[in-house]
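Right, one structure below, let's go through it.
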Amino acid sequence: MKKKARLFEGLPVVDATRGLALHVTSVDIKGASKKNPAMCAAARAGQRELKTDVRVFISRTYVKKADHWVRYKTPESASREIVSFDRGSSFEPGEYIIRPLPESERLGQYKGKSTQTGNGKKRNPSHVTAMIRERSKYDAAIAKKKK
């Protein structure tokens with residue numbers, strides 16, 4: 001069975017193989033928009049440095065190439081700044097290292113069937129951080145599976 005290609009904004013998505021650094025400056029922060037993955041301080045820094053479209057979500061970062069998007073793992077340091085910024089506080093300038101996803105989180109990884117036996121135990125509810133930007137479709141799909 002052939003898997004469908006993952007699409008983001010109409011283009012295929014591939015996982016990154018190398019990391020990159022984003023240098024967020026006060027100018028990036030000053031022109032940033034809250035709850036907007038395309039116009040946050042980190043995305044603006046990426047657009048300025050890489051000269052292409054960048055989308056920064058809580059757990060994933062997408063960098064546009066000519067005919068596809070490259071997917072990275074948003075570092076926890078940037079995720080915390082995003083939550084702070086989206087809720088009305090500041091985004092701290094600095095260098096944020098965007099790394100490739102670990103092997104277990106890459107596209108095409110099959111997680112296997114659940115080994116849960118249905119013994120009547122309920123799952124603990126998962127927490128979703130409120131009052132921040134939308135989740136990437138990947139994050140939303142994971143959250144839905146956990147419910």
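Quick note on naming: the chains in the structure tokens go A, B, ... in the order shown, residues restart at 1 in each chain, and ligands are numbered from 1 in order of appearance.
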
- [ ] Using only C-alpha atoms, determine which residues lie at most 6 Å from A:Ser79, disregarding the query and same-chain residues fewer than 3 positions distant; provide the list as a PyMOL selection string.
- [x] chain A and resi 58+76+82

How about saving the chosen residues, C-alpha atoms kept, as an mmCIF file, in the first residue's frame?
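The result, stored in result-v1.cif:
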```
data_model
loop_
_atom_site.group_PDB
_atom_site.id
_atom_site.type_symbol
_atom_site.label_atom_id
_atom_site.label_comp_id
_atom_site.auth_asym_id
_atom_site.auth_seq_id
_atom_site.Cartn_x
_atom_site.Cartn_y
_atom_site.Cartn_z
ATOM 1 C CA ILE A 58 4.856 25.148 18.994
ATOM 2 C CA GLU A 76 11.753 23.927 23.690
ATOM 3 C CA ILE A 82 6.188 31.512 21.594
#
```

Task: Residue nearest A:Glu95 among A:Gln47, A:Asn36, A:Ser77, A:Ser136 (counting only C-alpha atoms) - done: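 Closest candidate: A:Ser77.
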
Open item on the list: Just the number, please: distance in Å from atom CA of A:Pro75 to atom CA of A:Arg60, one decimal.
Closed with: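 Taking atom CA of A:Pro75 as the start and atom CA of A:Arg60 as the end point, the length is 8.5 Å.
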
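Proximity ranking of A:Lys64, A:His23, A:Lys34, A:Arg44 relative to A:Ile132 places A:Lys34 first, based on only C-alpha atoms.
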